[in-house]
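J.: Got input19.cif for you, mmCIF, C-alpha atoms:
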```cif
data_upload
#
loop_
_atom_site.group_PDB
_atom_site.id
_atom_site.type_symbol
_atom_site.label_atom_id
_atom_site.label_comp_id
_atom_site.auth_asym_id
_atom_site.auth_seq_id
_atom_site.Cartn_x
_atom_site.Cartn_y
_atom_site.Cartn_z
ATOM 1 C CA MET A 14 0.000 0.000 0.000
ATOM 2 C CA LYS A 15 2.785 2.412 0.937
ATOM 3 C CA SER A 16 4.551 1.666 -2.322
ATOM 4 C CA LYS A 17 1.400 2.521 -4.289
ATOM 5 C CA ILE A 18 1.008 5.807 -2.419
ATOM 6 C CA PHE A 19 4.661 6.638 -3.060
ATOM 7 C CA LEU A 20 4.250 5.822 -6.750
ATOM 8 C CA LEU A 21 1.194 8.094 -6.995
ATOM 9 C CA PHE A 22 3.149 10.855 -5.275
ATOM 10 C CA ILE A 23 6.001 10.531 -7.779
ATOM 11 C CA ILE A 24 3.555 10.547 -10.686
ATOM 12 C CA SER A 25 1.847 13.669 -9.350
ATOM 13 C CA LEU A 26 5.182 15.453 -9.012
ATOM 14 C CA PHE A 27 6.040 14.468 -12.565
ATOM 15 C CA CYS A 28 2.726 15.794 -13.848
ATOM 16 C CA VAL A 29 3.157 19.095 -12.019
ATOM 17 C CA GLY A 30 6.641 19.401 -13.509
ATOM 18 C CA VAL A 31 5.349 18.745 -16.995
ATOM 19 C CA MET A 32 2.537 21.271 -16.554
ATOM 20 C CA ALA A 33 5.018 23.924 -15.434
ATOM 21 C CA GLN A 34 7.356 23.383 -18.362
ATOM 22 C CA SER A 35 7.674 25.766 -21.274
ATOM 23 C CA ILE A 36 7.976 24.233 -24.729
ATOM 24 C CA GLN A 37 9.619 25.929 -27.695
ATOM 25 C CA LYS A 38 8.583 25.391 -31.276
ATOM 26 C CA GLY A 39 9.969 27.554 -34.052
ATOM 27 C CA PRO A 40 9.902 31.169 -32.873
ATOM 28 C CA TYR A 41 7.355 30.483 -30.114
ATOM 29 C CA THR A 42 7.407 29.506 -26.466
ATOM 30 C CA ILE A 43 4.233 27.992 -25.037
ATOM 31 C CA SER A 44 3.490 27.458 -21.357
ATOM 32 C CA VAL A 45 0.542 26.389 -19.227
ATOM 33 C CA ILE A 46 -1.390 29.012 -17.244
ATOM 34 C CA ALA A 47 -4.102 26.688 -15.950
ATOM 35 C CA ASP A 48 -5.752 23.468 -17.040
ATOM 36 C CA ASN A 49 -6.380 23.834 -20.788
ATOM 37 C CA VAL A 50 -5.243 27.475 -20.781
ATOM 38 C CA PHE A 51 -1.973 28.347 -22.544
ATOM 39 C CA HIS A 52 0.299 31.353 -23.028
ATOM 40 C CA ILE A 53 2.075 31.611 -26.394
ATOM 41 C CA GLU A 54 4.899 34.143 -26.687
ATOM 42 C CA ASP A 55 6.743 35.004 -29.897
ATOM 43 C CA SER A 56 10.188 34.417 -28.422
ATOM 44 C CA ASN A 57 12.656 31.568 -27.997
ATOM 45 C CA ASP A 58 16.202 31.021 -26.755
ATOM 46 C CA SER A 59 17.677 32.519 -29.923
ATOM 47 C CA ASN A 60 15.528 35.662 -29.661
ATOM 48 C CA PRO A 61 14.410 36.034 -26.041
ATOM 49 C CA ALA A 62 11.844 38.489 -24.775
ATOM 50 C CA GLY A 63 12.882 42.013 -23.909
ATOM 51 C CA TYR A 64 16.090 43.983 -24.282
ATOM 52 C CA HIS A 65 19.221 42.321 -25.675
ATOM 53 C CA TYR A 66 22.807 43.201 -24.726
ATOM 54 C CA ASP A 67 26.242 41.972 -25.724
ATOM 55 C CA ALA A 68 28.959 40.848 -23.296
ATOM 56 C CA ALA A 69 30.087 44.448 -22.873
ATOM 57 C CA GLY A 70 26.599 45.581 -21.924
ATOM 58 C CA ASN A 71 25.855 47.343 -25.197
ATOM 59 C CA SER A 72 22.324 47.216 -26.551
ATOM 60 C CA THR A 73 21.913 44.842 -29.510
ATOM 61 C CA GLY A 74 18.158 45.066 -29.975
ATOM 62 C CA THR A 75 14.787 44.256 -28.467
ATOM 63 C CA ASN A 76 12.171 41.575 -28.909
ATOM 64 C CA ASN A 77 8.936 43.258 -27.876
ATOM 65 C CA CYS A 78 6.998 40.011 -27.683
ATOM 66 C CA SER A 79 3.258 40.164 -28.167
ATOM 67 C CA ASP A 80 1.389 37.410 -26.410
ATOM 68 C CA MET A 81 -1.334 35.036 -27.508
ATOM 69 C CA TYR A 82 -3.547 33.003 -25.209
ATOM 70 C CA LEU A 83 -5.270 29.734 -26.055
ATOM 71 C CA VAL A 84 -8.273 28.434 -24.108
ATOM 72 C CA ILE A 85 -9.469 24.876 -24.816
ATOM 73 C CA GLY A 86 -13.058 24.113 -23.865
ATOM 74 C CA LYS A 87 -14.916 20.829 -24.170
ATOM 75 C CA GLU A 88 -16.542 21.914 -27.427
ATOM 76 C CA LYS A 89 -14.582 24.881 -28.784
ATOM 77 C CA ALA A 90 -11.144 26.481 -28.561
ATOM 78 C CA LEU A 91 -10.428 30.214 -28.474
ATOM 79 C CA LEU A 92 -7.158 31.858 -29.532
ATOM 80 C CA ILE A 93 -6.847 35.413 -28.182
ATOM 81 C CA ASP A 94 -4.649 37.727 -30.277
ATOM 82 C CA LEU A 95 -2.271 37.009 -33.154
ATOM 83 C CA SER A 96 1.050 38.537 -32.004
ATOM 84 C CA ASN A 97 3.696 40.267 -34.070
ATOM 85 C CA LYS A 98 4.330 39.331 -37.682
ATOM 86 C CA ILE A 99 7.270 36.936 -37.450
ATOM 87 C CA THR A 100 9.880 37.361 -40.167
ATOM 88 C CA TRP A 101 12.931 36.156 -38.245
ATOM 89 C CA ASP A 102 11.986 32.454 -38.381
ATOM 90 C CA ASP A 103 10.716 30.868 -41.599
ATOM 91 C CA THR A 104 8.890 28.134 -39.653
ATOM 92 C CA ALA A 105 6.606 30.639 -37.891
ATOM 93 C CA ASP A 106 3.391 29.915 -39.818
ATOM 94 C CA GLU A 107 3.516 26.156 -39.505
ATOM 95 C CA SER A 108 4.815 26.298 -35.924
ATOM 96 C CA LEU A 109 1.887 28.448 -34.806
ATOM 97 C CA ARG A 110 -0.687 26.323 -36.595
ATOM 98 C CA SER A 111 0.636 23.135 -35.054
ATOM 99 C CA LEU A 112 0.861 24.588 -31.535
ATOM 100 C CA VAL A 113 -2.761 25.677 -31.719
ATOM 101 C CA TYR A 114 -4.333 22.735 -33.520
ATOM 102 C CA GLU A 115 -2.480 20.061 -31.565
ATOM 103 C CA ARG A 116 -4.008 21.459 -28.379
ATOM 104 C CA ALA A 117 -7.422 22.148 -29.894
ATOM 105 C CA ASN A 118 -7.479 18.443 -30.757
ATOM 106 C CA GLY A 119 -10.255 18.608 -33.322
ATOM 107 C CA LYS A 120 -12.421 21.185 -31.545
ATOM 108 C CA GLN A 121 -13.714 24.147 -33.537
ATOM 109 C CA LEU A 122 -11.158 26.959 -33.359
ATOM 110 C CA TYR A 123 -12.326 30.530 -32.824
ATOM 111 C CA ILE A 124 -9.947 33.474 -32.968
ATOM 112 C CA THR A 125 -10.460 36.863 -31.358
ATOM 113 C CA VAL A 126 -8.340 40.016 -31.072
ATOM 114 C CA THR A 127 -8.199 42.463 -28.180
ATOM 115 C CA HIS A 128 -7.635 45.559 -30.322
ATOM 116 C CA ASN A 129 -6.745 46.758 -33.808
ATOM 117 C CA HIS A 130 -2.963 47.176 -33.634
ATOM 118 C CA GLY A 131 -0.488 45.436 -35.909
ATOM 119 C CA ASP A 132 1.484 43.778 -33.113
ATOM 120 C CA HIS A 133 -1.676 41.858 -32.150
ATOM 121 C CA LEU A 134 -2.719 41.031 -35.712
ATOM 122 C CA GLY A 135 0.635 40.081 -37.201
ATOM 123 C CA MET A 136 -0.071 36.399 -37.793
ATOM 124 C CA LEU A 137 -3.579 36.888 -39.175
ATOM 125 C CA PRO A 138 -2.524 35.574 -42.632
ATOM 126 C CA VAL A 139 -1.807 32.178 -41.046
ATOM 127 C CA PHE A 140 -5.517 31.705 -40.315
ATOM 128 C CA ALA A 141 -7.300 34.107 -42.701
ATOM 129 C CA ASP A 142 -7.243 31.517 -45.484
ATOM 130 C CA ASP A 143 -7.681 28.553 -43.143
ATOM 131 C CA GLU A 144 -11.177 27.150 -43.651
ATOM 132 C CA LYS A 145 -11.059 25.496 -40.222
ATOM 133 C CA ALA A 146 -10.676 28.788 -38.328
ATOM 134 C CA MET A 147 -13.605 31.014 -37.322
ATOM 135 C CA PHE A 148 -13.253 34.617 -36.150
ATOM 136 C CA TRP A 149 -15.191 36.160 -33.225
ATOM 137 C CA LEU A 150 -14.395 39.864 -32.987
ATOM 138 C CA PRO A 151 -15.439 42.998 -31.049
ATOM 139 C CA LYS A 152 -17.838 44.717 -33.456
ATOM 140 C CA LYS A 153 -17.015 48.354 -32.749
ATOM 141 C CA GLU A 154 -13.266 47.746 -32.947
ATOM 142 C CA PHE A 155 -13.238 45.677 -36.124
ATOM 143 C CA GLU A 156 -16.452 46.079 -38.135
ATOM 144 C CA SER A 157 -14.730 48.485 -40.560
ATOM 145 C CA VAL A 158 -11.613 46.311 -40.943
ATOM 146 C CA ASP A 159 -11.754 44.264 -44.160
ATOM 147 C CA ARG A 160 -8.912 41.845 -43.456
ATOM 148 C CA PHE A 161 -11.099 39.064 -42.046
ATOM 149 C CA PRO A 162 -12.929 36.399 -44.090
ATOM 150 C CA SER A 163 -16.553 37.565 -44.121
ATOM 151 C CA GLU A 164 -18.037 34.076 -44.341
ATOM 152 C CA ARG A 165 -16.183 32.925 -41.217
ATOM 153 C CA THR A 166 -16.356 36.055 -39.060
ATOM 154 C CA THR A 167 -18.876 37.008 -36.378
ATOM 155 C CA TYR A 168 -18.792 40.505 -34.858
ATOM 156 C CA PHE A 169 -20.063 40.630 -31.300
ATOM 157 C CA PRO A 170 -21.525 43.605 -29.399
ATOM 158 C CA GLU A 171 -20.262 44.911 -26.054
ATOM 159 C CA ASN A 172 -20.524 42.573 -23.056
ATOM 160 C CA GLU A 173 -21.075 39.474 -25.218
ATOM 161 C CA SER A 174 -20.116 35.979 -24.021
ATOM 162 C CA LEU A 175 -18.859 32.821 -25.721
ATOM 163 C CA ASP A 176 -19.399 29.363 -24.241
ATOM 164 C CA LEU A 177 -16.524 27.025 -25.103
ATOM 165 C CA GLY A 178 -17.928 24.191 -22.994
ATOM 166 C CA GLY A 179 -16.483 24.253 -19.484
ATOM 167 C CA PHE A 180 -15.162 27.765 -20.109
ATOM 168 C CA LEU A 181 -17.424 30.787 -20.428
ATOM 169 C CA ILE A 182 -15.699 33.813 -21.956
ATOM 170 C CA ASN A 183 -17.140 37.169 -20.856
ATOM 171 C CA THR A 184 -16.094 40.406 -22.543
ATOM 172 C CA LEU A 185 -15.731 43.969 -21.305
ATOM 173 C CA GLU A 186 -14.747 47.043 -23.286
ATOM 174 C CA VAL A 187 -12.086 49.295 -21.717
ATOM 175 C CA PRO A 188 -11.368 52.020 -24.291
ATOM 176 C CA GLY A 189 -8.448 54.414 -24.253
ATOM 177 C CA HIS A 190 -5.492 52.624 -25.797
ATOM 178 C CA THR A 191 -7.789 52.155 -28.778
ATOM 179 C CA ALA A 192 -11.386 53.253 -29.210
ATOM 180 C CA HIS A 193 -12.844 49.883 -28.242
ATOM 181 C CA SER A 194 -10.130 47.752 -26.622
ATOM 182 C CA THR A 195 -11.721 44.612 -25.170
ATOM 183 C CA LEU A 196 -10.924 42.399 -22.187
ATOM 184 C CA PHE A 197 -11.740 38.666 -22.065
ATOM 185 C CA PHE A 198 -12.604 37.152 -18.677
ATOM 186 C CA LEU A 199 -12.662 33.438 -17.919
ATOM 187 C CA LYS A 200 -15.853 33.153 -15.887
ATOM 188 C CA ASP A 201 -15.269 31.718 -12.375
ATOM 189 C CA ARG A 202 -11.519 31.303 -13.035
ATOM 190 C CA ASN A 203 -10.127 34.674 -11.785
ATOM 191 C CA ILE A 204 -8.315 35.174 -15.092
ATOM 192 C CA VAL A 205 -8.607 38.054 -17.553
ATOM 193 C CA PHE A 206 -6.781 38.652 -20.836
ATOM 194 C CA SER A 207 -6.412 42.392 -21.349
ATOM 195 C CA GLY A 208 -4.286 42.990 -24.444
ATOM 196 C CA ASP A 209 -2.897 46.523 -24.106
ATOM 197 C CA ALA A 210 -6.078 48.046 -22.639
ATOM 198 C CA ILE A 211 -4.554 48.641 -19.194
ATOM 199 C CA GLY A 212 -0.921 48.034 -20.103
ATOM 200 C CA SER A 213 1.239 45.070 -19.180
ATOM 201 C CA GLY A 214 3.086 46.630 -16.255
ATOM 202 C CA ASN A 215 5.187 49.089 -18.251
ATOM 203 C CA GLY A 216 2.595 51.727 -19.040
ATOM 204 C CA VAL A 217 -0.710 51.888 -20.868
ATOM 205 C CA TRP A 218 -0.149 54.121 -23.907
ATOM 206 C CA LEU A 219 -2.799 56.782 -24.582
ATOM 207 C CA PHE A 220 -2.144 58.374 -27.956
ATOM 208 C CA ASN A 221 -4.132 61.616 -27.825
ATOM 209 C CA ALA A 222 -5.771 64.050 -25.439
ATOM 210 C CA GLU A 223 -9.231 62.588 -26.009
ATOM 211 C CA SER A 224 -8.202 59.065 -24.999
ATOM 212 C CA PHE A 225 -7.731 59.862 -21.308
ATOM 213 C CA PRO A 226 -11.344 60.726 -20.334
ATOM 214 C CA VAL A 227 -12.641 57.565 -22.009
ATOM 215 C CA TYR A 228 -9.918 55.555 -20.259
ATOM 216 C CA VAL A 229 -11.087 57.019 -16.946
ATOM 217 C CA GLU A 230 -14.591 55.697 -17.617
ATOM 218 C CA GLY A 231 -13.213 52.379 -18.831
ATOM 219 C CA VAL A 232 -11.249 51.763 -15.632
ATOM 220 C CA LYS A 233 -14.278 52.808 -13.570
ATOM 221 C CA ASN A 234 -16.388 50.224 -15.405
ATOM 222 C CA LEU A 235 -13.654 47.608 -15.009
ATOM 223 C CA ILE A 236 -13.608 48.061 -11.238
ATOM 224 C CA GLN A 237 -17.390 47.848 -11.093
ATOM 225 C CA TYR A 238 -17.153 44.623 -13.090
ATOM 226 C CA ILE A 239 -14.561 42.902 -10.907
ATOM 227 C CA GLU A 240 -16.368 43.963 -7.720
ATOM 228 C CA SER A 241 -19.799 42.800 -8.880
ATOM 229 C CA PRO A 242 -20.947 39.666 -6.979
ATOM 230 C CA ALA A 243 -22.602 38.489 -10.199
ATOM 231 C CA ASN A 244 -19.179 37.979 -11.792
ATOM 232 C CA ASN A 245 -17.848 35.842 -8.920
ATOM 233 C CA ILE A 246 -14.278 37.205 -8.968
ATOM 234 C CA ASP A 247 -11.925 36.583 -6.050
ATOM 235 C CA LEU A 248 -9.945 39.810 -5.925
ATOM 236 C CA GLU A 249 -7.131 38.100 -4.031
ATOM 237 C CA LYS A 250 -6.673 35.595 -6.841
ATOM 238 C CA LEU A 251 -7.453 37.684 -9.935
ATOM 239 C CA THR A 252 -4.605 37.632 -12.459
ATOM 240 C CA VAL A 253 -4.395 39.983 -15.430
ATOM 241 C CA TYR A 254 -2.604 38.564 -18.487
ATOM 242 C CA GLY A 255 -1.568 41.486 -20.660
ATOM 243 C CA GLY A 256 -0.509 41.675 -24.263
ATOM 244 C CA HIS A 257 3.230 41.911 -23.526
ATOM 245 C CA ALA A 258 3.957 39.749 -20.486
ATOM 246 C CA TRP A 259 7.685 40.496 -20.459
ATOM 247 C CA GLN A 260 6.900 44.139 -19.673
ATOM 248 C CA LYS A 261 5.717 43.342 -16.161
ATOM 249 C CA GLY A 262 9.376 43.416 -15.142
ATOM 250 C CA ASP A 263 9.906 42.622 -11.464
ATOM 251 C CA LEU A 264 6.201 42.284 -10.736
ATOM 252 C CA ASP A 265 5.238 38.741 -9.832
ATOM 253 C CA ARG A 266 1.956 39.202 -11.689
ATOM 254 C CA LEU A 267 -0.594 41.830 -12.580
ATOM 255 C CA ASN A 268 -3.462 41.607 -10.123
ATOM 256 C CA ALA A 269 -6.403 43.521 -8.687
ATOM 257 C CA GLN A 270 -4.004 45.860 -6.882
ATOM 258 C CA TYR A 271 -2.606 46.848 -10.267
ATOM 259 C CA ILE A 272 -6.121 47.890 -11.334
ATOM 260 C CA TYR A 273 -6.742 49.793 -8.106
ATOM 261 C CA ASP A 274 -3.367 51.520 -8.428
ATOM 262 C CA MET A 275 -4.459 52.555 -11.924
ATOM 263 C CA ARG A 276 -7.592 54.149 -10.458
ATOM 264 C CA THR A 277 -5.548 56.054 -7.869
ATOM 265 C CA LEU A 278 -3.163 57.238 -10.572
ATOM 266 C CA ILE A 279 -6.097 58.471 -12.643
ATOM 267 C CA ASP A 280 -7.369 60.421 -9.636
ATOM 268 C CA GLU A 281 -3.940 61.969 -9.048
ATOM 269 C CA ILE A 282 -3.647 63.029 -12.695
ATOM 270 C CA GLY A 283 -7.043 64.706 -12.350
ATOM 271 C CA GLU A 284 -5.863 66.476 -9.194
ATOM 272 C CA GLY A 285 -2.600 67.510 -10.853
ATOM 273 C CA THR A 286 -0.562 65.749 -8.149
ATOM 274 C CA ALA A 287 0.639 62.618 -9.991
ATOM 275 C CA TYR A 288 4.311 61.684 -9.970
ATOM 276 C CA VAL A 289 5.638 62.127 -13.507
ATOM 277 C CA GLU A 290 8.852 61.306 -15.354
ATOM 278 C CA ASP A 291 9.946 62.476 -18.787
ATOM 279 C CA TYR A 292 9.571 59.825 -21.450
ATOM 280 C CA ALA A 293 10.729 59.583 -25.050
ATOM 281 C CA ALA A 294 8.940 57.276 -27.486
ATOM 282 C CA THR A 295 8.623 56.924 -31.229
ATOM 283 C CA PHE A 296 5.355 58.854 -30.841
ATOM 284 C CA PRO A 297 6.241 62.474 -29.916
ATOM 285 C CA PHE A 298 2.909 62.945 -28.113
ATOM 286 C CA LEU A 299 3.955 60.334 -25.530
ATOM 287 C CA ASN A 300 6.330 62.453 -23.480
ATOM 288 C CA ALA A 301 5.593 61.408 -19.893
ATOM 289 C CA ASN A 302 5.177 58.423 -17.606
ATOM 290 C CA PHE A 303 2.721 59.037 -14.779
ATOM 291 C CA LYS A 304 3.267 56.572 -11.923
ATOM 292 C CA TYR A 305 1.557 55.324 -8.796
ATOM 293 C CA GLY A 306 2.316 52.028 -7.070
ATOM 294 C CA THR A 307 2.422 49.327 -9.732
ATOM 295 C CA ALA A 308 0.553 51.418 -12.341
ATOM 296 C CA ILE A 309 1.979 53.548 -15.149
ATOM 297 C CA ILE A 310 0.131 55.681 -17.687
ATOM 298 C CA THR A 311 2.202 56.839 -20.642
ATOM 299 C CA TRP A 312 0.613 60.036 -21.901
ATOM 300 C CA ASN A 313 1.355 63.739 -22.398
ATOM 301 C CA LYS A 314 2.310 66.348 -19.780
ATOM 302 C CA GLU A 315 0.510 69.231 -21.460
ATOM 303 C CA ALA A 316 -2.661 67.199 -22.022
ATOM 304 C CA ALA A 317 -2.594 66.057 -18.389
ATOM 305 C CA LYS A 318 -2.330 69.667 -17.197
ATOM 306 C CA GLU A 319 -5.256 70.704 -19.372
ATOM 307 C CA TYR A 320 -7.287 67.741 -18.121
ATOM 308 C CA ALA A 321 -6.634 68.626 -14.476
ATOM 309 C CA GLU A 322 -7.566 72.265 -15.103
ATOM 310 C CA SER A 323 -10.801 71.195 -16.780
ATOM 311 C CA LEU A 324 -11.901 69.505 -13.551
ATOM 312 C CA ARG A 325 -11.445 72.568 -11.383
#
```
The structure in this file should be written as structure tokens.
T.:
Amino acid sequence: MKSKIFLLFIISLFCVGVMAQSIQKGPYTISVIADNVFHIEDSNDSNPAGYHYDAAGNSTGTNNCSDMYLVIGKEKALLIDLSNKITWDDTADESLRSLVYERANGKQLYITVTHNHGDHLGMLPVFADDEKAMFWLPKKEFESVDRFPSERTTYFPENESLDLGGFLINTLEVPGHTAHSTLFFLKDRNIVFSGDAIGSGNGVWLFNAESFPVYVEGVKNLIQYIESPANNIDLEKLTVYGGHAWQKGDLDRLNAQYIYDMRTLIDEIGEGTAYVEDYAATFPFLNANFKYGTAIITWNKEAAKEYAESLR
């Protein structure tokens, strides 16, 4: 009897180890988030995530990975986002297809996208001509985009849900980064996939003056959502999976505190008291990082001043 118990213990340890492992295929690294929930990152050992340096400490480039998430239900599978366009590995198309379809295991594949930016749509050609793939997209964000196959695409309204069988996907719009950025919650699992809507730990980018007030309302609605008893979210366990996981830096994970810090930062920007650092990006408008706790908003100093004055 003891030997059987010991054998079961060894097997369980082995299974946990396997579940925790990351697997590389072509330019991708895939890992397990939860049972039948996977994180796919467009990086590998030859081109790791983040900043690259030589032996002397000189910068040699960056791989700004853009993450995909795959949820496998009993009846359907959902792939969230389509990462950067990979040109540095000629096996990218086939590698991505095999990673997804091997895990979908014959279930109908649906694909959705958090927002209309190229680094989350890069691998669309891999599935656009694939008769097996269906698209399920936020209507307001994508209804005017003609890159999707019309006969295999459904556009859903705000707050729509998708039942995968064992996984219910609930959606919530949090605009600001784009006009209709959308979050995808796994009902009763304390998991949300947020794309770039609230940033990935290194700043949510807001590209014009008008984006901030709508972001304020979006974060307000997000907090109402996660606090609503109807949505059954354990705030101690909630984990936010952003669109660029490597950007969370030293943070263990993005959690409810990250969202609450974002609300406090919004309030401080409105009061004109937020801590701010100069920032230089490829977009001249983005000239400042506003910071509070774990939250960062990358925006514009002059626009923030005007916003604060408008509230007085």
J.: Choose the residue, out of A:Leu112, A:Val289, A:Ile43, A:Ala308, that has the smallest atom-to-atom separation from Asn215 in chain A; count only C-alpha atoms.
T.: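 Among A:Leu112, A:Val289, A:Ile43, A:Ala308, it is A:Ala308 that comes nearest to Asn215 in chain A.
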J.: Let me know the residues the PyMOL selection byres ((chain A and resi 158-172) around 7) catches in the file above, as an MDAnalysis selection string.
T.: chainID A and resid 141 147:152 155:157 173:174 183:186
J.: For the structure shown, which residues end up in the PyMOL selection byres ((chain A and resi 56) around 8)? Put them as a PyMOL selection string, please?
T.: chain A and resi 40-42+54-55+57-62+76+78
J.: Considering all atoms listed in the file, return as JSON, numbers by chain whatever protein or nucleic-acid residues lie within 7 Å of Lys89 in chain A, sequence-local ones (same chain, fewer than 2 positions apart) excluded.
T.: {"A": [85, 86, 87, 91, 120, 121, 122, 177, 178]}
J.: What separation in Å, quoted to one decimal, exists between CA of Val126 in chain A and CA of Thr195 in chain A?
T.: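 Between CA of Val126 in chain A and CA of Thr195 in chain A the gap works out to 8.2 Å.
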J.: Identify, on the basis of all atoms listed in the file, every residue whose closest approach to Trp259 in chain A does not exceed 9 Å; exclude the query and any residue fewer than 6 positions from it along the same chain; express the result as a list of chain:residue names.
T.: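 Contacts, with the query itself left out: A:Ala62, A:Gly63, A:Asn77, A:Cys78, A:Ser79, A:Ser213, A:Gly214.
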J.: As lines of an AutoDock Vina configuration file, please report the centre and edge lengths, rounded to one decimal in Å, of the axis-aligned box that holds all listed atoms of range 156-168 of chain A with 4 Å of padding on each of the six sides.
T.:
```
center_x = -13.9
center_y = 40.7
center_z = -39.6
size_x = 18.0
size_y = 23.6
size_z = 17.5
```
J.: So which one's closest to Leu278 in chain A, A:Ile246, A:Ile93, A:Ala293, A:Ala317? Using only C-alpha atoms, please.
T.: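 Closest candidate: A:Ala317.
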J.: When the PyMOL selection byres ((chain A and resi 231) around 10) is applied to the structure above, which residues does it catch, written out as a PyMOL selection string?
T.: chain A and resi 185-189+193-194+210-211+225-230+232-237
J.: Which of these, A:Asp103, A:Asp201, A:Asp263, A:Glu284, has the shortest distance to Arg325 in chain A once you count all atoms listed in the file?
T.: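 Among the listed residues, the smallest separation from Arg325 in chain A belongs to A:Glu284.
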J.: Complete the atom set of range 193-205 of chain A to N, CA and C atoms and return it as a PDB file, in the coordinates of the input.
T.:
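Wrote it out as selection21.pdb, contents follow:
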```pdb
ATOM      1  N   HIS A 193     -11.973  50.920 -28.784  1.00  0.00           N
ATOM      2  CA  HIS A 193     -12.844  49.883 -28.242  1.00  0.00           C
ATOM      3  C   HIS A 193     -12.038  48.654 -27.805  1.00  0.00           C
ATOM      4  N   SER A 194     -10.923  48.872 -27.143  1.00  0.00           N
ATOM      5  CA  SER A 194     -10.130  47.752 -26.622  1.00  0.00           C
ATOM      6  C   SER A 194     -11.013  46.869 -25.734  1.00  0.00           C
ATOM      7  N   THR A 195     -10.827  45.557 -25.843  1.00  0.00           N
ATOM      8  CA  THR A 195     -11.721  44.612 -25.170  1.00  0.00           C
ATOM      9  C   THR A 195     -10.952  43.623 -24.311  1.00  0.00           C
ATOM     10  N   LEU A 196     -11.481  43.388 -23.111  1.00  0.00           N
ATOM     11  CA  LEU A 196     -10.924  42.399 -22.187  1.00  0.00           C
ATOM     12  C   LEU A 196     -11.752  41.125 -22.264  1.00  0.00           C
ATOM     13  N   PHE A 197     -11.081  39.972 -22.014  1.00  0.00           N
ATOM     14  CA  PHE A 197     -11.740  38.666 -22.065  1.00  0.00           C
ATOM     15  C   PHE A 197     -11.539  37.969 -20.723  1.00  0.00           C
ATOM     16  N   PHE A 198     -12.635  37.791 -19.984  1.00  0.00           N
ATOM     17  CA  PHE A 198     -12.604  37.152 -18.677  1.00  0.00           C
ATOM     18  C   PHE A 198     -12.967  35.674 -18.805  1.00  0.00           C
ATOM     19  N   LEU A 199     -12.246  34.826 -18.068  1.00  0.00           N
ATOM     20  CA  LEU A 199     -12.662  33.438 -17.919  1.00  0.00           C
ATOM     21  C   LEU A 199     -13.578  33.367 -16.706  1.00  0.00           C
ATOM     22  N   LYS A 200     -14.853  33.166 -16.946  1.00  0.00           N
ATOM     23  CA  LYS A 200     -15.853  33.153 -15.887  1.00  0.00           C
ATOM     24  C   LYS A 200     -15.504  32.120 -14.816  1.00  0.00           C
ATOM     25  N   ASP A 201     -15.513  32.565 -13.557  1.00  0.00           N
ATOM     26  CA  ASP A 201     -15.269  31.718 -12.375  1.00  0.00           C
ATOM     27  C   ASP A 201     -13.840  31.213 -12.278  1.00  0.00           C
ATOM     28  N   ARG A 202     -12.900  31.778 -13.055  1.00  0.00           N
ATOM     29  CA  ARG A 202     -11.519  31.303 -13.035  1.00  0.00           C
ATOM     30  C   ARG A 202     -10.527  32.368 -12.549  1.00  0.00           C
ATOM     31  N   ASN A 203     -10.996  33.593 -12.285  1.00  0.00           N
ATOM     32  CA  ASN A 203     -10.127  34.674 -11.785  1.00  0.00           C
ATOM     33  C   ASN A 203      -8.982  34.980 -12.757  1.00  0.00           C
ATOM     34  N   ILE A 204      -9.290  34.902 -14.036  1.00  0.00           N
ATOM     35  CA  ILE A 204      -8.315  35.174 -15.092  1.00  0.00           C
ATOM     36  C   ILE A 204      -8.939  36.131 -16.094  1.00  0.00           C
ATOM     37  N   VAL A 205      -8.156  37.157 -16.495  1.00  0.00           N
ATOM     38  CA  VAL A 205      -8.607  38.054 -17.553  1.00  0.00           C
ATOM     39  C   VAL A 205      -7.444  38.320 -18.503  1.00  0.00           C
TER      40      VAL A 205
END
```
